[in-house]
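Have a look at final39.cif; it's mmCIF, N, CA and C atoms:
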```
data_final
loop_
_atom_site.label_atom_id
_atom_site.label_comp_id
_atom_site.auth_asym_id
_atom_site.auth_seq_id
_atom_site.Cartn_x
_atom_site.Cartn_y
_atom_site.Cartn_z
N THR A 1 123.29 276.15 194.56
CA THR A 1 121.94 275.66 194.78
C THR A 1 121.94 274.14 194.70
N LYS A 2 121.06 273.53 195.48
CA LYS A 2 120.95 272.07 195.49
C LYS A 2 119.72 271.66 194.71
N MET A 3 119.89 270.65 193.86
CA MET A 3 118.76 270.13 193.09
C MET A 3 118.22 268.92 193.84
N LEU A 4 116.92 268.84 194.01
CA LEU A 4 116.29 267.71 194.68
C LEU A 4 115.71 266.75 193.67
N ASN A 5 115.72 265.48 194.01
CA ASN A 5 115.08 264.48 193.20
C ASN A 5 113.57 264.74 193.25
N THR A 6 112.95 264.89 192.12
CA THR A 6 111.52 265.25 192.10
C THR A 6 110.62 264.12 192.59
N LEU A 7 111.09 262.87 192.52
CA LEU A 7 110.28 261.74 192.98
C LEU A 7 110.35 261.58 194.49
N THR A 8 111.58 261.70 195.06
CA THR A 8 111.74 261.43 196.49
C THR A 8 111.86 262.68 197.33
N GLY A 9 112.18 263.82 196.72
CA GLY A 9 112.41 265.03 197.49
C GLY A 9 113.79 265.06 198.12
N LEU A 10 114.63 264.05 197.82
CA LEU A 10 115.98 263.96 198.38
C LEU A 10 117.01 264.48 197.39
N GLU A 11 118.16 264.85 197.93
CA GLU A 11 119.26 265.27 197.07
C GLU A 11 119.81 264.05 196.34
N PRO A 12 120.40 264.25 195.14
CA PRO A 12 121.07 263.13 194.49
C PRO A 12 122.25 262.69 195.36
N LEU A 13 122.69 261.43 195.22
CA LEU A 13 123.74 260.91 196.07
C LEU A 13 125.03 261.71 195.99
N ASP A 14 125.40 262.20 194.81
CA ASP A 14 126.65 262.95 194.71
C ASP A 14 126.54 264.32 195.37
N ALA A 15 125.35 264.76 195.73
CA ALA A 15 125.20 266.03 196.44
C ALA A 15 125.71 265.92 197.86
N GLY A 16 125.86 264.70 198.38
CA GLY A 16 126.34 264.49 199.74
C GLY A 16 127.84 264.35 199.82
N VAL A 17 128.57 264.74 198.76
CA VAL A 17 130.03 264.58 198.73
C VAL A 17 130.68 265.94 198.55
N ASP A 18 131.71 266.20 199.37
CA ASP A 18 132.48 267.44 199.25
C ASP A 18 133.29 267.37 197.96
N ALA A 19 133.14 268.31 197.06
CA ALA A 19 133.78 268.28 195.75
C ALA A 19 135.30 268.34 195.85
N LYS A 20 135.86 268.99 196.86
CA LYS A 20 137.32 269.12 196.99
C LYS A 20 137.96 267.88 197.61
N THR A 21 137.41 267.40 198.71
CA THR A 21 138.03 266.28 199.43
C THR A 21 137.43 264.93 199.07
N LEU A 22 136.31 264.92 198.38
CA LEU A 22 135.55 263.71 198.04
C LEU A 22 135.07 262.97 199.28
N ALA A 23 135.09 263.63 200.43
CA ALA A 23 134.57 263.05 201.67
C ALA A 23 133.06 263.29 201.73
N PRO A 24 132.32 262.35 202.33
CA PRO A 24 130.88 262.56 202.44
C PRO A 24 130.57 263.75 203.34
N SER A 25 129.57 264.52 202.96
CA SER A 25 129.14 265.62 203.83
C SER A 25 128.37 265.02 205.00
N SER A 26 128.16 265.77 206.02
CA SER A 26 127.53 265.28 207.23
C SER A 26 126.22 264.56 206.93
N GLY A 27 126.18 263.27 207.30
CA GLY A 27 124.95 262.49 207.16
C GLY A 27 124.47 262.31 205.74
N PHE A 28 125.35 262.41 204.76
CA PHE A 28 124.99 262.25 203.34
C PHE A 28 123.93 263.25 202.92
N GLY A 29 123.77 264.32 203.67
CA GLY A 29 122.75 265.31 203.37
C GLY A 29 121.35 264.89 203.81
N LEU A 30 121.24 263.83 204.63
CA LEU A 30 119.95 263.33 205.11
C LEU A 30 119.73 263.74 206.57
N LEU A 31 118.51 263.68 207.02
CA LEU A 31 118.18 263.99 208.40
C LEU A 31 118.73 262.94 209.35
N SER A 32 119.02 263.33 210.57
CA SER A 32 119.49 262.42 211.60
C SER A 32 118.44 261.36 211.88
N ARG A 33 118.89 260.11 212.01
CA ARG A 33 118.03 258.96 212.33
C ARG A 33 116.83 258.86 211.39
N SER A 34 117.09 258.96 210.10
CA SER A 34 115.98 258.99 209.14
C SER A 34 115.88 257.75 208.24
N VAL A 35 116.83 256.81 208.34
CA VAL A 35 116.77 255.64 207.46
C VAL A 35 116.88 254.34 208.26
N ASP A 36 116.28 253.28 207.72
CA ASP A 36 116.30 251.97 208.36
C ASP A 36 117.56 251.17 208.02
N ALA A 37 118.13 251.41 206.84
CA ALA A 37 119.30 250.64 206.41
C ALA A 37 120.17 251.48 205.48
N VAL A 38 121.46 251.20 205.51
CA VAL A 38 122.42 251.84 204.61
C VAL A 38 123.22 250.74 203.93
N PHE A 39 123.32 250.81 202.59
CA PHE A 39 124.12 249.88 201.82
C PHE A 39 125.27 250.66 201.18
N LEU A 40 126.50 250.30 201.51
CA LEU A 40 127.66 251.00 200.99
C LEU A 40 128.44 250.09 200.04
N ASP A 41 128.67 250.56 198.84
CA ASP A 41 129.51 249.87 197.86
C ASP A 41 130.53 250.91 197.38
N VAL A 42 131.47 251.22 198.26
CA VAL A 42 132.46 252.26 198.01
C VAL A 42 133.84 251.73 198.37
N PRO A 43 134.91 252.33 197.81
CA PRO A 43 136.27 251.83 198.08
C PRO A 43 136.70 251.92 199.54
N CYS A 44 136.24 252.91 200.29
CA CYS A 44 136.66 253.11 201.68
C CYS A 44 135.45 253.29 202.60
N PRO A 45 134.69 252.22 202.84
CA PRO A 45 133.46 252.36 203.63
C PRO A 45 133.70 252.88 205.05
N TRP A 46 134.86 252.62 205.63
CA TRP A 46 135.15 253.08 206.98
C TRP A 46 135.14 254.60 207.09
N LEU A 47 135.37 255.30 205.98
CA LEU A 47 135.34 256.76 206.00
C LEU A 47 133.93 257.32 206.09
N ALA A 48 132.94 256.50 205.79
CA ALA A 48 131.54 256.95 205.80
C ALA A 48 130.81 256.58 207.09
N ILE A 49 131.48 255.91 208.02
CA ILE A 49 130.79 255.38 209.21
C ILE A 49 130.15 256.49 210.05
N ASP A 50 130.82 257.62 210.23
CA ASP A 50 130.22 258.71 211.01
C ASP A 50 128.90 259.16 210.38
N ASN A 51 128.87 259.21 209.07
CA ASN A 51 127.64 259.60 208.38
C ASN A 51 126.57 258.53 208.50
N VAL A 52 126.99 257.28 208.48
CA VAL A 52 126.04 256.17 208.66
C VAL A 52 125.40 256.27 210.03
N VAL A 53 126.22 256.49 211.06
CA VAL A 53 125.70 256.62 212.42
C VAL A 53 124.71 257.78 212.50
N HIS A 54 124.99 258.86 211.80
CA HIS A 54 124.11 260.03 211.81
C HIS A 54 122.72 259.72 211.23
N VAL A 55 122.66 258.96 210.14
CA VAL A 55 121.37 258.77 209.45
C VAL A 55 120.59 257.53 209.88
N LEU A 56 121.27 256.51 210.45
CA LEU A 56 120.57 255.28 210.82
C LEU A 56 119.66 255.46 212.03
N LYS A 57 118.47 254.87 211.93
CA LYS A 57 117.58 254.79 213.08
C LYS A 57 118.18 253.80 214.07
N PRO A 58 117.80 253.86 215.36
CA PRO A 58 118.27 252.84 216.30
C PRO A 58 117.92 251.45 215.79
N ASN A 59 118.87 250.56 215.88
CA ASN A 59 118.75 249.17 215.39
C ASN A 59 118.65 249.07 213.87
N GLY A 60 118.98 250.16 213.15
CA GLY A 60 119.05 250.10 211.70
C GLY A 60 120.20 249.21 211.27
N ILE A 61 120.23 248.82 210.01
CA ILE A 61 121.24 247.89 209.51
C ILE A 61 122.20 248.59 208.56
N LEU A 62 123.48 248.31 208.75
CA LEU A 62 124.52 248.74 207.81
C LEU A 62 125.00 247.51 207.06
N CYS A 63 125.10 247.62 205.74
CA CYS A 63 125.64 246.54 204.91
C CYS A 63 126.67 247.16 203.99
N THR A 64 127.88 246.60 203.97
CA THR A 64 128.91 247.09 203.05
C THR A 64 129.34 245.96 202.13
N PHE A 65 129.75 246.34 200.92
CA PHE A 65 130.27 245.39 199.94
C PHE A 65 131.73 245.75 199.69
N SER A 66 132.63 244.82 199.93
CA SER A 66 134.06 245.08 199.74
C SER A 66 134.70 243.90 199.02
N PRO A 67 135.54 244.17 198.01
CA PRO A 67 136.16 243.08 197.27
C PRO A 67 137.32 242.40 198.00
N CYS A 68 137.88 243.04 199.03
CA CYS A 68 139.01 242.40 199.72
C CYS A 68 138.85 242.48 201.24
N VAL A 69 139.50 241.55 201.92
CA VAL A 69 139.35 241.42 203.37
C VAL A 69 139.94 242.62 204.10
N GLU A 70 140.95 243.27 203.56
CA GLU A 70 141.54 244.44 204.22
C GLU A 70 140.52 245.56 204.39
N GLN A 71 139.69 245.77 203.38
CA GLN A 71 138.64 246.79 203.48
C GLN A 71 137.64 246.42 204.58
N THR A 72 137.29 245.16 204.64
CA THR A 72 136.36 244.69 205.66
C THR A 72 136.95 244.85 207.04
N GLN A 73 138.24 244.53 207.20
CA GLN A 73 138.90 244.67 208.50
C GLN A 73 138.89 246.12 208.96
N ARG A 74 139.21 247.04 208.07
CA ARG A 74 139.23 248.45 208.45
C ARG A 74 137.84 248.95 208.83
N THR A 75 136.83 248.48 208.09
CA THR A 75 135.46 248.87 208.41
C THR A 75 135.05 248.31 209.77
N CYS A 76 135.38 247.05 210.04
CA CYS A 76 135.05 246.44 211.33
C CYS A 76 135.74 247.17 212.47
N GLU A 77 137.02 247.51 212.28
CA GLU A 77 137.75 248.26 213.31
C GLU A 77 137.07 249.59 213.60
N ARG A 78 136.63 250.26 212.55
CA ARG A 78 135.97 251.56 212.72
C ARG A 78 134.65 251.40 213.46
N LEU A 79 133.89 250.35 213.13
CA LEU A 79 132.61 250.12 213.80
C LEU A 79 132.78 249.70 215.25
N ARG A 80 133.90 249.08 215.55
CA ARG A 80 134.17 248.63 216.93
C ARG A 80 134.76 249.74 217.80
N ALA A 81 134.96 250.91 217.24
CA ALA A 81 135.48 252.03 218.03
C ALA A 81 134.57 252.24 219.24
N ASN A 82 135.14 252.61 220.37
CA ASN A 82 134.42 252.69 221.64
C ASN A 82 133.12 253.47 221.58
N HIS A 83 133.10 254.60 220.92
CA HIS A 83 131.90 255.43 220.96
C HIS A 83 130.80 254.96 220.01
N LEU A 84 131.08 254.00 219.13
CA LEU A 84 130.06 253.57 218.16
C LEU A 84 129.25 252.38 218.66
N GLU A 85 129.92 251.38 219.24
CA GLU A 85 129.27 250.22 219.82
C GLU A 85 128.29 249.51 218.90
N PHE A 86 128.67 249.26 217.67
CA PHE A 86 127.83 248.44 216.80
C PHE A 86 127.82 247.02 217.35
N VAL A 87 126.71 246.31 217.17
CA VAL A 87 126.57 244.97 217.74
C VAL A 87 126.32 243.94 216.64
N ASP A 88 126.57 242.67 216.98
CA ASP A 88 126.29 241.56 216.07
C ASP A 88 126.94 241.75 214.70
N VAL A 89 128.25 241.94 214.71
CA VAL A 89 129.02 242.16 213.50
C VAL A 89 129.19 240.83 212.77
N ARG A 90 128.86 240.82 211.48
CA ARG A 90 128.98 239.59 210.68
C ARG A 90 129.60 239.90 209.33
N THR A 91 130.49 239.01 208.90
CA THR A 91 131.07 239.12 207.56
C THR A 91 130.81 237.81 206.83
N VAL A 92 130.31 237.90 205.61
CA VAL A 92 129.99 236.73 204.80
C VAL A 92 130.69 236.87 203.46
N GLU A 93 131.32 235.79 203.01
CA GLU A 93 131.95 235.80 201.69
C GLU A 93 130.90 235.44 200.65
N VAL A 94 130.79 236.25 199.62
CA VAL A 94 129.84 236.01 198.54
C VAL A 94 130.60 235.31 197.40
N LEU A 95 130.17 234.12 197.06
CA LEU A 95 130.84 233.35 196.01
C LEU A 95 130.12 233.48 194.68
N THR A 96 130.90 233.42 193.62
CA THR A 96 130.33 233.44 192.28
C THR A 96 130.13 232.00 191.84
N LYS A 97 128.92 231.65 191.53
CA LYS A 97 128.63 230.31 191.02
C LYS A 97 127.67 230.47 189.86
N GLU A 98 128.08 229.98 188.72
CA GLU A 98 127.26 230.11 187.52
C GLU A 98 126.26 228.96 187.42
N TYR A 99 125.11 229.29 186.85
CA TYR A 99 124.08 228.29 186.59
C TYR A 99 123.81 228.27 185.09
N GLU A 100 123.77 227.06 184.55
CA GLU A 100 123.55 226.90 183.11
C GLU A 100 122.10 226.49 182.86
N PRO A 101 121.40 227.22 182.00
CA PRO A 101 120.03 226.81 181.69
C PRO A 101 120.04 225.54 180.85
N MET A 102 119.18 224.60 181.20
CA MET A 102 119.08 223.33 180.48
C MET A 102 117.66 223.22 179.92
N PHE A 103 117.56 223.22 178.59
CA PHE A 103 116.27 223.11 177.93
C PHE A 103 116.07 221.67 177.47
N SER A 104 114.88 221.16 177.68
CA SER A 104 114.60 219.80 177.19
C SER A 104 113.13 219.72 176.76
N LYS A 105 112.87 218.75 175.91
CA LYS A 105 111.49 218.48 175.49
C LYS A 105 111.20 217.03 175.81
N LYS A 106 110.05 216.80 176.41
CA LYS A 106 109.63 215.44 176.71
C LYS A 106 108.48 215.08 175.78
N ARG A 107 108.59 213.89 175.20
CA ARG A 107 107.56 213.40 174.29
C ARG A 107 106.45 212.77 175.12
N ARG A 108 105.22 213.13 174.77
CA ARG A 108 104.06 212.59 175.47
C ARG A 108 103.14 211.96 174.43
N VAL A 109 102.75 210.72 174.68
CA VAL A 109 101.83 210.00 173.78
C VAL A 109 100.55 209.73 174.56
N GLU A 110 99.44 210.20 173.99
CA GLU A 110 98.14 210.03 174.65
C GLU A 110 97.18 209.31 173.71
N PRO A 111 96.39 208.41 174.26
CA PRO A 111 95.39 207.73 173.40
C PRO A 111 94.26 208.68 173.05
N ILE A 112 93.74 208.52 171.84
CA ILE A 112 92.57 209.29 171.42
C ILE A 112 91.35 208.46 171.81
N PRO A 113 90.49 209.02 172.65
CA PRO A 113 89.33 208.25 173.16
C PRO A 113 88.44 207.70 172.02
N GLY A 114 88.03 206.44 172.18
CA GLY A 114 87.11 205.81 171.23
C GLY A 114 87.82 205.25 169.99
N THR A 115 89.17 205.34 169.93
CA THR A 115 89.92 204.80 168.79
C THR A 115 91.15 204.08 169.31
N THR A 116 91.84 203.43 168.40
CA THR A 116 93.10 202.79 168.78
C THR A 116 94.29 203.71 168.45
N ALA A 117 94.00 204.89 167.92
CA ALA A 117 95.05 205.84 167.55
C ALA A 117 95.58 206.58 168.78
N THR A 118 96.76 207.16 168.61
CA THR A 118 97.36 207.96 169.68
C THR A 118 97.71 209.35 169.16
N LYS A 119 97.83 210.27 170.09
CA LYS A 119 98.21 211.64 169.75
C LYS A 119 99.55 211.91 170.43
N GLU A 120 100.48 212.47 169.66
CA GLU A 120 101.81 212.76 170.18
C GLU A 120 101.96 214.26 170.41
N SER A 121 102.56 214.64 171.57
CA SER A 121 102.83 216.05 171.84
C SER A 121 104.14 216.15 172.61
N TYR A 122 104.66 217.36 172.67
CA TYR A 122 105.93 217.61 173.37
C TYR A 122 105.72 218.68 174.43
N VAL A 123 106.34 218.47 175.58
CA VAL A 123 106.27 219.41 176.68
C VAL A 123 107.67 219.98 176.90
N SER A 124 107.79 221.30 176.84
CA SER A 124 109.09 221.93 177.07
C SER A 124 109.35 222.03 178.56
N ASN A 125 110.62 221.90 178.92
CA ASN A 125 111.02 221.95 180.31
C ASN A 125 112.31 222.78 180.42
N LEU A 126 112.36 223.67 181.39
CA LEU A 126 113.55 224.48 181.63
C LEU A 126 114.00 224.26 183.06
N GLN A 127 115.27 223.89 183.22
CA GLN A 127 115.87 223.72 184.54
C GLN A 127 117.22 224.43 184.54
N PHE A 128 117.71 224.77 185.72
CA PHE A 128 119.02 225.39 185.84
C PHE A 128 119.95 224.45 186.59
N ARG A 129 121.09 224.16 185.99
CA ARG A 129 122.07 223.26 186.58
C ARG A 129 123.26 224.08 187.07
N PRO A 130 123.60 223.98 188.37
CA PRO A 130 124.78 224.72 188.86
C PRO A 130 126.06 224.13 188.29
N GLN A 131 126.99 224.99 187.98
CA GLN A 131 128.29 224.53 187.51
C GLN A 131 129.05 223.96 188.70
N PRO A 132 129.88 222.94 188.50
CA PRO A 132 130.53 222.26 189.62
C PRO A 132 131.63 223.08 190.31
N VAL A 133 132.14 224.11 189.66
CA VAL A 133 133.27 224.84 190.23
C VAL A 133 132.89 226.30 190.44
N SER A 134 133.15 226.81 191.66
CA SER A 134 133.01 228.24 191.92
C SER A 134 134.32 228.90 191.53
N LYS A 135 134.23 230.14 191.04
CA LYS A 135 135.42 230.80 190.53
C LYS A 135 135.86 231.95 191.42
N GLY A 136 135.90 231.75 192.73
CA GLY A 136 136.34 232.80 193.64
C GLY A 136 135.20 233.67 194.10
N HIS A 137 135.53 234.62 194.97
CA HIS A 137 134.46 235.45 195.53
C HIS A 137 134.33 236.76 194.78
N SER A 138 133.13 237.31 194.85
CA SER A 138 132.89 238.59 194.22
C SER A 138 132.98 239.72 195.23
N CYS A 139 132.70 239.42 196.50
CA CYS A 139 132.83 240.46 197.53
C CYS A 139 132.68 239.84 198.90
N LEU A 140 133.00 240.64 199.90
CA LEU A 140 132.72 240.30 201.28
C LEU A 140 131.55 241.18 201.70
N LEU A 141 130.52 240.58 202.19
CA LEU A 141 129.31 241.28 202.60
C LEU A 141 129.35 241.39 204.12
N TYR A 142 129.28 242.60 204.61
CA TYR A 142 129.41 242.85 206.03
C TYR A 142 128.14 243.50 206.53
N THR A 143 127.56 242.98 207.58
CA THR A 143 126.34 243.58 208.12
C THR A 143 126.46 243.77 209.62
N SER A 144 125.78 244.77 210.12
CA SER A 144 125.75 245.01 211.55
C SER A 144 124.59 245.93 211.89
N PRO A 145 123.84 245.60 212.94
CA PRO A 145 122.84 246.55 213.41
C PRO A 145 123.53 247.76 214.03
N SER A 146 122.87 248.90 213.97
CA SER A 146 123.43 250.12 214.55
C SER A 146 123.31 250.07 216.06
N PRO A 147 123.98 250.99 216.74
CA PRO A 147 123.86 251.01 218.20
C PRO A 147 122.40 251.17 218.62
N ARG A 148 122.07 250.54 219.70
CA ARG A 148 120.69 250.65 220.21
C ARG A 148 120.49 252.00 220.85
N ASP A 149 119.24 252.37 220.94
CA ASP A 149 118.89 253.64 221.57
C ASP A 149 119.29 253.59 223.04
N SER A 150 119.93 254.63 223.53
CA SER A 150 120.37 254.66 224.94
C SER A 150 119.20 254.91 225.86
#
```

Starting from the coordinates I provided, produce the structure as structure tokens.
Amino acid sequence: TKMLNTLTGLEPLDAGVDAKTLAPSSGFGLLSRSVDAVFLDVPCPWLAIDNVVHVLKPNGILCTFSPCVEQTQRTCERLRANHLEFVDVRTVEVLTKEYEPMFSKKRRVEPIPGTTATKESYVSNLQFRPQPVSKGHSCLLYTSPSPRDS
């Protein structure tokens, strides 16, 4: 028996996987042409492309996250297969850059009306300063619109 998510009416994500082969079941268990976008963060995204094609609406977007260029190359090759015809293929390297929070207080002195006295106050300020060195990439982000409707 299949358990459905009570909020969405959809099967849980692991319900779309064959327990023996760990391959995705047809269309991830979703209806044909039923989603606008698919985001894949899996070790072998090229193995899921047939299922992506099944569930994406025409001109839907596929986005994959891969830590190495070899995974991206295999996914691109699979998407470029003759019968798939994905268009506008783009790969972007995502860099890790840390930002350090910088807290400061500025002193403000204001005159008290009708006297020669002043009132002192402090204003807190928060800014983020980027670190000067990036420490390599976290992933390659690959996007492509699905084949257009024939």

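Using the PyMOL selection byres (((chain A and resi 99-108 and name CA) around 6) and name CA) on this structure selects A:Glu98, A:Val109, A:Glu120, A:Ser121, A:Tyr122, A:Val123, A:Ser124, A:Asn125, A:Leu126, A:Gln127, A:Phe128, A:Arg129, A:Pro130, A:Gln131.
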
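Ranking A:Val87, A:Ala117, A:Val94, A:Phe65 by their shortest atom-to-atom distance to Val42 in chain A, with all atoms listed in the file included, puts A:Phe65 first.
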
Practice item. Determine, counting all atoms listed in the file, which protein, DNA and RNA residues have an atom within 6.5 Å of an atom of Trp46 in chain A; residues of the same chain fewer than 3 positions away are not included. Present the result as a list in words. Key: Pro43, Ile49, Asp50, Arg74, Thr75 and Arg78 of chain A

Practice item. For Ser134 in chain A, work out the shell of residues within 8 Å, counting only C-alpha atoms and skipping chain neighbours fewer than 6 positions away, then give it as a list in words. Key: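 Returned residues: Leu95, Thr96, Lys97 and Glu98 of chain A.
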
**Study point:** Using only C-alpha atoms: which of A:Val133, A:Leu62, A:Val35, A:Ile112 has the shortest distance to Leu79 in chain A
**Key:**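 Comparing A:Val133, A:Leu62, A:Val35, A:Ile112 against Leu79 in chain A, the winner is A:Leu62.
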
Exercise for review: Could you tell me which of A:His54, A:Pro132, A:Lys119, A:Val89 comes closest to Ser32 in chain A if we count only N, CA and C atoms?
Suggested key: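 Smallest separation from Ser32 in chain A among the options: A:His54.
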
Exercise for review: Apply DSSP to the backbone of this structure and, from range 19-117 of chain A, keep only the residues in strand (DSSP E or B); write these as number ranges by chain.
Suggested key: A: 24, 35-40, 56-66, 90-95, 99-111

Dump N, CA and C atoms for the selected residues as an mmCIF file, in the frame of the given file?
```cif
data_model
loop_
_atom_site.group_PDB
_atom_site.id
_atom_site.type_symbol
_atom_site.label_atom_id
_atom_site.label_comp_id
_atom_site.auth_asym_id
_atom_site.auth_seq_id
_atom_site.Cartn_x
_atom_site.Cartn_y
_atom_site.Cartn_z
ATOM 1 N N PRO A 24 132.320 262.350 202.330
ATOM 2 C CA PRO A 24 130.880 262.560 202.440
ATOM 3 C C PRO A 24 130.570 263.750 203.340
ATOM 4 N N VAL A 35 116.830 256.810 208.340
ATOM 5 C CA VAL A 35 116.770 255.640 207.460
ATOM 6 C C VAL A 35 116.880 254.340 208.260
ATOM 7 N N ASP A 36 116.280 253.280 207.720
ATOM 8 C CA ASP A 36 116.300 251.970 208.360
ATOM 9 C C ASP A 36 117.560 251.170 208.020
ATOM 10 N N ALA A 37 118.130 251.410 206.840
ATOM 11 C CA ALA A 37 119.300 250.640 206.410
ATOM 12 C C ALA A 37 120.170 251.480 205.480
ATOM 13 N N VAL A 38 121.460 251.200 205.510
ATOM 14 C CA VAL A 38 122.420 251.840 204.610
ATOM 15 C C VAL A 38 123.220 250.740 203.930
ATOM 16 N N PHE A 39 123.320 250.810 202.590
ATOM 17 C CA PHE A 39 124.120 249.880 201.820
ATOM 18 C C PHE A 39 125.270 250.660 201.180
ATOM 19 N N LEU A 40 126.500 250.300 201.510
ATOM 20 C CA LEU A 40 127.660 251.000 200.990
ATOM 21 C C LEU A 40 128.440 250.090 200.040
ATOM 22 N N LEU A 56 121.270 256.510 210.450
ATOM 23 C CA LEU A 56 120.570 255.280 210.820
ATOM 24 C C LEU A 56 119.660 255.460 212.030
ATOM 25 N N LYS A 57 118.470 254.870 211.930
ATOM 26 C CA LYS A 57 117.580 254.790 213.080
ATOM 27 C C LYS A 57 118.180 253.800 214.070
ATOM 28 N N PRO A 58 117.800 253.860 215.360
ATOM 29 C CA PRO A 58 118.270 252.840 216.300
ATOM 30 C C PRO A 58 117.920 251.450 215.790
ATOM 31 N N ASN A 59 118.870 250.560 215.880
ATOM 32 C CA ASN A 59 118.750 249.170 215.390
ATOM 33 C C ASN A 59 118.650 249.070 213.870
ATOM 34 N N GLY A 60 118.980 250.160 213.150
ATOM 35 C CA GLY A 60 119.050 250.100 211.700
ATOM 36 C C GLY A 60 120.200 249.210 211.270
ATOM 37 N N ILE A 61 120.230 248.820 210.010
ATOM 38 C CA ILE A 61 121.240 247.890 209.510
ATOM 39 C C ILE A 61 122.200 248.590 208.560
ATOM 40 N N LEU A 62 123.480 248.310 208.750
ATOM 41 C CA LEU A 62 124.520 248.740 207.810
ATOM 42 C C LEU A 62 125.000 247.510 207.060
ATOM 43 N N CYS A 63 125.100 247.620 205.740
ATOM 44 C CA CYS A 63 125.640 246.540 204.910
ATOM 45 C C CYS A 63 126.670 247.160 203.990
ATOM 46 N N THR A 64 127.880 246.600 203.970
ATOM 47 C CA THR A 64 128.910 247.090 203.050
ATOM 48 C C THR A 64 129.340 245.960 202.130
ATOM 49 N N PHE A 65 129.750 246.340 200.920
ATOM 50 C CA PHE A 65 130.270 245.390 199.940
ATOM 51 C C PHE A 65 131.730 245.750 199.690
ATOM 52 N N SER A 66 132.630 244.820 199.930
ATOM 53 C CA SER A 66 134.060 245.080 199.740
ATOM 54 C C SER A 66 134.700 243.900 199.020
ATOM 55 N N ARG A 90 128.860 240.820 211.480
ATOM 56 C CA ARG A 90 128.980 239.590 210.680
ATOM 57 C C ARG A 90 129.600 239.900 209.330
ATOM 58 N N THR A 91 130.490 239.010 208.900
ATOM 59 C CA THR A 91 131.070 239.120 207.560
ATOM 60 C C THR A 91 130.810 237.810 206.830
ATOM 61 N N VAL A 92 130.310 237.900 205.610
ATOM 62 C CA VAL A 92 129.990 236.730 204.800
ATOM 63 C C VAL A 92 130.690 236.870 203.460
ATOM 64 N N GLU A 93 131.320 235.790 203.010
ATOM 65 C CA GLU A 93 131.950 235.800 201.690
ATOM 66 C C GLU A 93 130.900 235.440 200.650
ATOM 67 N N VAL A 94 130.790 236.250 199.620
ATOM 68 C CA VAL A 94 129.840 236.010 198.540
ATOM 69 C C VAL A 94 130.600 235.310 197.400
ATOM 70 N N LEU A 95 130.170 234.120 197.060
ATOM 71 C CA LEU A 95 130.840 233.350 196.010
ATOM 72 C C LEU A 95 130.120 233.480 194.680
ATOM 73 N N TYR A 99 125.110 229.290 186.850
ATOM 74 C CA TYR A 99 124.080 228.290 186.590
ATOM 75 C C TYR A 99 123.810 228.270 185.090
ATOM 76 N N GLU A 100 123.770 227.060 184.550
ATOM 77 C CA GLU A 100 123.550 226.900 183.110
ATOM 78 C C GLU A 100 122.100 226.490 182.860
ATOM 79 N N PRO A 101 121.400 227.220 182.000
ATOM 80 C CA PRO A 101 120.030 226.810 181.690
ATOM 81 C C PRO A 101 120.040 225.540 180.850
ATOM 82 N N MET A 102 119.180 224.600 181.200
ATOM 83 C CA MET A 102 119.080 223.330 180.480
ATOM 84 C C MET A 102 117.660 223.220 179.920
ATOM 85 N N PHE A 103 117.560 223.220 178.590
ATOM 86 C CA PHE A 103 116.270 223.110 177.930
ATOM 87 C C PHE A 103 116.070 221.670 177.470
ATOM 88 N N SER A 104 114.880 221.160 177.680
ATOM 89 C CA SER A 104 114.600 219.800 177.190
ATOM 90 C C SER A 104 113.130 219.720 176.760
ATOM 91 N N LYS A 105 112.870 218.750 175.910
ATOM 92 C CA LYS A 105 111.490 218.480 175.490
ATOM 93 C C LYS A 105 111.200 217.030 175.810
ATOM 94 N N LYS A 106 110.050 216.800 176.410
ATOM 95 C CA LYS A 106 109.630 215.440 176.710
ATOM 96 C C LYS A 106 108.480 215.080 175.780
ATOM 97 N N ARG A 107 108.590 213.890 175.200
ATOM 98 C CA ARG A 107 107.560 213.400 174.290
ATOM 99 C C ARG A 107 106.450 212.770 175.120
ATOM 100 N N ARG A 108 105.220 213.130 174.770
ATOM 101 C CA ARG A 108 104.060 212.590 175.470
ATOM 102 C C ARG A 108 103.140 211.960 174.430
ATOM 103 N N VAL A 109 102.750 210.720 174.680
ATOM 104 C CA VAL A 109 101.830 210.000 173.780
ATOM 105 C C VAL A 109 100.550 209.730 174.560
ATOM 106 N N GLU A 110 99.440 210.200 173.990
ATOM 107 C CA GLU A 110 98.140 210.030 174.650
ATOM 108 C C GLU A 110 97.180 209.310 173.710
ATOM 109 N N PRO A 111 96.390 208.410 174.260
ATOM 110 C CA PRO A 111 95.390 207.730 173.400
ATOM 111 C C PRO A 111 94.260 208.680 173.050
#
```

**Study point:** Gap from CA of Gly60 in chain A to CA of Phe86 in chain A - Å, one decimal
**Key:** 10.3 Å

Revision key, fill the gap. One decimal place gives the atom N of Pro58 in chain A-atom C of Ser34 in chain A separation as 8.3 Å
